[in-house]
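Structure record follows, encoded as structure tokens.
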There are 4 protein chains.
Amino acid sequence: MTTAKTKVAVVGASGYTGEELVRLLLAHPNVDLVAVTSRQLAGKSAAEVFPRLAHHKKAAVLKFSDSDPKQISQEAELVFLALPHGLAAEFAEPLLSAKARLLDLSADFRIKDPDVYREFYGHDHPAPHLLGKSVYGLPEIYRNEIRGAKLVACPGCYPTSILIPLRPLIRRKAVDRGTILVASMSGVTGAGRKAEVDYLFSECNESVRPYGVPKHRHLSEIEQELSLLAGEEMTIQFTPHLVPINRGIITTIYADIATNVVKMDPAVIFSGAYGQEPFVRLLGDRRLPDTKHVAGTNFIDVAWKVDKRTNRIVVMSAIDNIVKGAAGQALQCMNLILDLPETAGLL
Amino acid sequence: MTTAKTKVAVVGASGYTGEELVRLLLAHPNVDLVAVTSRQLAGKSAAEVFPRLAHHKKAAVLKFSDSDPKQISQEAELVFLALPHGLAAEFAEPLLSAKARLLDLSADFRIKDPDVYREFYGHDHPAPHLLGKSVYGLPEIYRNEIRGAKLVACPGCYPTSILIPLRPLIRRKAVDRGTILVASMSGVTGAGRKAEVDYLFSECNESVRPYGVPKHRHLSEIEQELSLLAGEEMTIQFTPHLVPINRGIITTIYADIATNVVKMDPAVIFSGAYGQEPFVRLLGDRRLPDTKHVAGTNFIDVAWKVDKRTNRIVVMSAIDNIVKGAAGQALQCMNLILDLPETAGLL
Amino acid sequence: MTTAKTKVAVVGASGYTGEELVRLLLAHPNVDLVAVTSRQLAGKSAAEVFPRLAHHKKAAVLKFSDSDPKQISQEAELVFLALPHGLAAEFAEPLLSAKARLLDLSADFRIKDPDVYREFYGHDHPAPHLLGKSVYGLPEIYRNEIRGAKLVACPGCYPTSILIPLRPLIRRKAVDRGTILVASMSGVTGAGRKAEVDYLFSECNESVRPYGVPKHRHLSEIEQELSLLAGEEMTIQFTPHLVPINRGIITTIYADIATNVVKMDPAVIFSGAYGQEPFVRLLGDRRLPDTKHVAGTNFIDVAWKVDKRTNRIVVMSAIDNIVKGAAGQALQCMNLILDLPETAGLL
Amino acid sequence: MTTAKTKVAVVGASGYTGEELVRLLLAHPNVDLVAVTSRQLAGKSAAEVFPRLAHHKKAAVLKFSDSDPKQISQEAELVFLALPHGLAAEFAEPLLSAKARLLDLSADFRIKDPDVYREFYGHDHPAPHLLGKSVYGLPEIYRNEIRGAKLVACPGCYPTSILIPLRPLIRRKAVDRGTILVASMSGVTGAGRKAEVDYLFSECNESVRPYGVPKHRHLSEIEQELSLLAGEEMTIQFTPHLVPINRGIITTIYADIATNVVKMDPAVIFSGAYGQEPFVRLLGDRRLPDTKHVAGTNFIDVAWKVDKRTNRIVVMSAIDNIVKGAAGQALQCMNLILDLPETAGLL
């Protein structure tokens, strides 16, 4: 007996996230990638556009199209939107009406509050009535909600690297919520495949630089989710830095240990929260994360140190920004929606 | 009329700092590099060892020797020690007895308190009686003391990138001293020219990683100097990260704005402190530092942002760890000792 | 029905090739990795040694041992030797006597002629009587011989990138054999995981350099194999260069088109030779190879240009030196030996 | 007595070559940089545009303008054109009419034959009557001609790295002219500061790739100059490769030793040609070049190996493509024109 494969499409597949989605979906045992779209690449095959896939028989015949949402909804049951912010919302409405399941990788449906969206993204939300309908696609927090979701807002890469380590500390009230600071370092694919001078090789190589200080857009979703976890408004400090690697984010989180905590035992807290998680690897307090150990994988490595001198905990995580921070996590959500093993196509 | 040039020597010139010292000293208009030593390189010329200097007539005849302190003191009036920690102290005593001026680039004379030295370096200090005699070689803080110093303990690279930005904030009591956190990112030359697997190209390329968490050795001198500035014991949080660039440190500092500060005006504070400093470039709150803009120079670039949401200040600095963080700063100190223009040989 | 998996071992698994073998074998559907050895790592688990595999249940229990050949032969039916040159021969003899199938990744069994071995490797061959028994493990040339082989000498990375493109041109007598020149560029993993100053990050980053000029060791096997293909002694020019990437080799080959060739049609020649090869991707004369498109894969990408101005053909190839140039190709050979699909565990 | 400094301008100073010219000219002891132009940067100061120069008093007041040739000729006696190909010719004519000395860094005046220009650049030359008036700005060949030149066509980066090593071999008839092959590897600044996807960090990092095969534009000037040296038409093979470094070119040249040469002695040939050259460093046949040893300098390092097995000579060179391959060499020419020491501002 062969089970029918679910038909899926990737809309806006020309960037790094789109390419990774195509690569992962072509290798996935339970889905059939039936459509990839891109205005600028229409007519070319996936094999032409992505030379890594040149040998792939399916990639050789799968042509990029410039399909509109209606066409896409006729071809695919489940659609990944890898479009720029703002554009995703335009595609979402007709696709949802046509009963397609949506996994959106833009920021368009991450923020519940249209005012916060406007504050951080600089314009009104194009489809505010949909905001309440999306589920935030972080399986380690919203696994059950994702299972039944029609519209999943896949988290940003930084938020993924921050929320997973912070969640158990917040939930357990182990840290003083007002003292959380985060320094992150991201590889350059995080900036997308955009032709901008700032991201040329010769501008990024031999360069490390902070950016988005003090109010990077991702703060909006980080604080929204932390506040939901805490049950009260939370504000944190967050500084991203651009580092000359292709893939990877290192996030280093600092927080004062809560005053009522007599003896901080992070091993108990993290094991309790993530001992069974398929993609969370707990390094404990003896090993430290390194982007090279997660590159190309859907894992998040989490390590910690309690500093008795300062009564703080330092939690460090590593992810691949394109996999666990984008395409891989979206597949993880898809697996949940389709009731497949959560690790299908991801190990 | 020609002024006699001061005779200088570099002891332990085989590493990255030693090489940079040789390069800078050969180009310096007022000194004569008369000796370079290294046990393993004895007999070779500077031009052979450092192919960048292959064309340099002086480098072609300047041979590495395995000289002992006595010989060195007969040749040179001023000596740079670019030796590993622990070994510098052995050379310092006889050289000081022989009236040589010393600029030590190791950690051996940075820590005033032998107990702190033992805590952070894991062994007793080899020459504790000399600790009180050294001057910490950070011209932006100790300019006058350096001028008359016989023994200068040149600061570590991280401390340089941290102390210069923090000093005016501490002095002006602008920040809450208990809330200071520092995340730094350093290039790989910071690990020295040591044959260790951890620093192989294929281990560092496409890798970002925290290390020395939570108690890196440099904390000892950072906290010592901050405490001196504050007039009270200070403890900070500090996390270094290794990033795949050759040269450069980015340091991002966070601190709560002190509660009694009505309106934080960092521009006034930093301009007041560093407006006349030849090697401090204040970027203000509109531009952010980038290692590529200081690589190969003795500058420290300093930028800041006040975050009204969190009532914190974020201060960011960039230096070249081998120049302002080591060899260049040592030359700056030498210029002060020799009563030369402070920028001689450094612009 | 479950087919029993073949038990395999990796001897000398501490380097980059060993790590890649472990990673590939753990994921292979038809083999069971029962032993990994390394003198220095004995007692540690594969998961500890290779943090990328930290999540892997098998890796967590698979301990490195310091087993001798006898022990290994009792555990495994097929053994990969990832040992330094010279040492492999010591292990080969007892393992072969114990009826283990051997896949040797060193240079020890690549050269048929002990005199050539001595000329290029500087010492007598440790087991010259075995030289005649090995099969050169390049499936694109020796597929049938590999199937029945007891001892496979897996090719070097440069030879793989050179022999595959050159073979059809030599066989078809399409080029003038005396005019072949090869310029190759290799990533730094090619130098192994050795703690040597030359391969430190800060020595390789921002550096490109030729080395091994004019007589790199790999010339011995390249010329041996070309001579066998040609049916006459062949001598070529070969210059490797070290470039700052982790993985990948670009090889650019130049040859005069043979005088009796009226119209060179490389598309016909290459398609005829490799149209059915699972790991050879022919880019034709419109696209050019790029290491990033083969990194992490077992493919070799081959492109060509006929230069009418000079009557030469330029053939360019790209491989991942650790996969198609080492571990992946060894698995490809293993698949042949075990009568498995040639691509098993490699796509 | 103070000698009046020559007033110079840089037209089109927004790219990597322009930036390097500005940096070098600001530091040059005998010239006064009075104007920098760029349509897009007009109004900004050099210090703003180039943060490396932020401390420089002159850079702070020197504003980019959008001046036309007439204005420029009123301000400056000597003008560097760092414009794209095609545009330089437009500026050249009015500037020459206004008696300015011109150093053009584009390809516009390198090719003497308008037909060759059209063949390689794809359009008619915009000012063919000027072609005969330019001097090819390679001091190692045309030192005397450059001294009196009104219009200097500064060589391309690849041609510089190829012509200097080949010249003495051609002149001495030491090699068989029909057998010359060149493989070059260039850093990414060679592609200019253009916002193109191909040169994004994530496209170039972990990537090595040939390009411009088989007929890169620079072949036109290489073959023109070699033919002039040889006194007969010469055709060579040339393949450039893009490698992930910022600065630097490695060129590896192969040629058959001429049949009438009994004993090839490259040391005699190269020393005879370049023993007195200030910027040619001869490494001999024991050392090999490395881009990191010339980065940021105006040197060309040249090494060679005679391969007795193949009767070929392999000559290897290293330059910084932005310095000796562009801005530095232009300054070297300027020094000759202004009768200054040839190394002024370049050591």
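By convention here, the chains of the structure tokens are called A, B, ... in the order presented, each chain's residues are numbered starting at 1, and ligands are numbered starting at 1 in the order presented.
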Listing only residues of chain A within 10 Å of chain D, what is the closest atom pair and its distance in Å (to one decimal) for each, using only C-alpha atoms, sorted by chain and residue number ascending, as a Markdown table?
| residue | atom | partner | partner_atom | distance |
| --- | --- | --- | --- | --- |
| A:Tyr16 | CA | D:Ser202 | CA | 9.4 |
| A:Gly187 | CA | D:Ser202 | CA | 8.7 |
| A:Val188 | CA | D:Ser202 | CA | 6.3 |
| A:Thr189 | CA | D:Ser202 | CA | 6.0 |
| A:Gly190 | CA | D:Ser202 | CA | 9.6 |
| A:Ala191 | CA | D:Ser202 | CA | 9.6 |
| A:Gly192 | CA | D:Ser202 | CA | 9.1 |
| A:Arg193 | CA | D:Val197 | CA | 6.8 |
| A:Lys194 | CA | D:Val197 | CA | 6.6 |
| A:Ala195 | CA | D:Ala195 | CA | 4.9 |
| A:Glu196 | CA | D:Ala195 | CA | 4.9 |
| A:Val197 | CA | D:Ala195 | CA | 4.9 |
| A:Asp198 | CA | D:Ala195 | CA | 8.5 |
| A:Tyr199 | CA | D:Leu200 | CA | 5.7 |
| A:Leu200 | CA | D:Leu200 | CA | 4.1 |
| A:Phe201 | CA | D:Phe201 | CA | 3.6 |
| A:Ser202 | CA | D:Asn246 | CA | 5.3 |
| A:Glu203 | CA | D:Phe201 | CA | 7.9 |
| A:Cys204 | CA | D:Phe201 | CA | 6.4 |
| A:Asn205 | CA | D:Asn246 | CA | 7.1 |
| A:Glu206 | CA | D:Asn246 | CA | 8.3 |
| A:Pro244 | CA | D:Phe201 | CA | 7.8 |
| A:Ile245 | CA | D:Asn205 | CA | 7.7 |
| A:Asn246 | CA | D:Ser202 | CA | 5.3 |
| A:Arg247 | CA | D:Ser202 | CA | 8.6 |
Q: Using DSSP on the backbone coordinates, identify the residues of segment 184-314 of chain D assigned to alpha helix (DSSP H); present them as an MDAnalysis selection string.
A: chainID D and resid 201:204 218:230 266:274
**Q.** Long-range neighbours of Ser184 of chain A as a list in words, 10 Å cut-off, only C-alpha atoms, 4 positions minimum in chain
**A.**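 Returned residues: Tyr158, Ser161, Ile162, Pro210, Phe238, Thr239, Pro240, His241, Leu242, Val243, Ile249, Ile250, Thr251, Thr252, Ile253, Met316, Ser317 and Ala318 of chain A; Ala183 of chain B.
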**Q.** Spatial neighbours of Val8 of chain C, max dist 12 Å, only C-alpha atoms, sep filter under 4 positions, as a VMD selection string
**A.** chain C and resid 21 to 22 24 to 26 28 30 to 37 72 to 81 100 to 103 331 334 338
Requested write-out: N, CA and C atoms of the selected residues, as a short mmCIF file (atom, residue, chain, number, x, y, z; two decimals), in the first residue's frame:
data_model
loop_
_atom_site.label_atom_id
_atom_site.label_comp_id
_atom_site.auth_asym_id
_atom_site.auth_seq_id
_atom_site.Cartn_x
_atom_site.Cartn_y
_atom_site.Cartn_z
N LEU C 21 33.34 9.66 7.48
CA LEU C 21 32.98 8.24 7.36
C LEU C 21 31.97 7.85 8.44
N VAL C 22 32.25 8.25 9.67
CA VAL C 22 31.35 7.91 10.78
C VAL C 22 29.97 8.48 10.52
N LEU C 24 28.54 9.33 7.66
CA LEU C 24 27.88 8.67 6.54
C LEU C 24 27.47 7.24 6.89
N LEU C 25 28.34 6.53 7.61
CA LEU C 25 28.03 5.13 7.93
C LEU C 25 26.89 5.03 8.94
N LEU C 26 26.83 5.97 9.88
CA LEU C 26 25.71 5.94 10.84
C LEU C 26 24.37 6.16 10.13
N HIS C 28 23.78 5.24 7.00
CA HIS C 28 23.64 4.30 5.88
C HIS C 28 22.61 3.20 6.24
N ASN C 30 22.19 0.18 5.19
CA ASN C 30 22.50 -1.25 5.05
C ASN C 30 23.72 -1.72 5.82
N VAL C 31 24.32 -0.86 6.59
CA VAL C 31 25.49 -1.29 7.34
C VAL C 31 25.33 -0.92 8.80
N ASP C 32 26.11 -1.59 9.61
CA ASP C 32 26.08 -1.37 11.05
C ASP C 32 27.50 -1.02 11.48
N LEU C 33 27.69 0.23 11.89
CA LEU C 33 29.02 0.66 12.32
C LEU C 33 29.27 0.12 13.73
N VAL C 34 30.14 -0.86 13.81
CA VAL C 34 30.32 -1.54 15.10
C VAL C 34 31.57 -1.11 15.84
N ALA C 35 32.50 -0.49 15.15
CA ALA C 35 33.74 -0.10 15.85
C ALA C 35 34.37 1.12 15.21
N VAL C 36 34.84 2.02 16.05
CA VAL C 36 35.66 3.16 15.60
C VAL C 36 36.89 3.17 16.50
N THR C 37 38.04 3.35 15.88
CA THR C 37 39.25 3.30 16.70
C THR C 37 40.07 4.56 16.55
N ILE C 72 39.64 -6.04 15.68
CA ILE C 72 38.77 -5.41 14.69
C ILE C 72 38.20 -6.45 13.73
N SER C 73 39.05 -7.37 13.34
CA SER C 73 38.60 -8.36 12.35
C SER C 73 37.56 -9.31 12.95
N GLN C 74 37.53 -9.41 14.27
CA GLN C 74 36.50 -10.25 14.89
C GLN C 74 35.16 -9.53 14.94
N GLU C 75 35.23 -8.21 14.94
CA GLU C 75 33.99 -7.42 15.04
C GLU C 75 33.38 -7.07 13.69
N ALA C 76 34.25 -6.80 12.73
CA ALA C 76 33.73 -6.21 11.49
C ALA C 76 34.12 -7.03 10.27
N GLU C 77 33.23 -7.04 9.30
CA GLU C 77 33.50 -7.76 8.05
C GLU C 77 34.20 -6.86 7.03
N LEU C 78 33.98 -5.57 7.20
CA LEU C 78 34.51 -4.61 6.24
C LEU C 78 35.09 -3.45 7.05
N VAL C 79 36.32 -3.07 6.71
CA VAL C 79 37.04 -2.08 7.53
C VAL C 79 37.53 -0.93 6.66
N PHE C 80 37.25 0.28 7.13
CA PHE C 80 37.82 1.48 6.50
C PHE C 80 39.07 1.88 7.27
N LEU C 81 40.16 2.07 6.58
CA LEU C 81 41.38 2.55 7.22
C LEU C 81 41.55 4.03 6.91
N ALA C 100 38.94 -9.83 6.38
CA ALA C 100 38.16 -8.59 6.32
C ALA C 100 38.34 -7.95 4.94
N ARG C 101 37.26 -7.34 4.47
CA ARG C 101 37.36 -6.50 3.28
C ARG C 101 37.91 -5.15 3.70
N LEU C 102 38.87 -4.63 2.94
CA LEU C 102 39.51 -3.36 3.35
C LEU C 102 39.28 -2.25 2.35
N LEU C 103 38.94 -1.09 2.88
CA LEU C 103 38.90 0.14 2.08
C LEU C 103 39.88 1.10 2.72
N LEU C 331 32.58 5.05 0.48
CA LEU C 331 31.26 4.42 0.64
C LEU C 331 30.71 3.91 -0.69
N MET C 334 32.25 0.76 -1.17
CA MET C 334 31.66 -0.23 -0.27
C MET C 334 30.32 -0.73 -0.82
N LEU C 338 29.44 -4.59 -1.55
CA LEU C 338 28.33 -5.24 -0.86
C LEU C 338 27.12 -5.47 -1.78
#
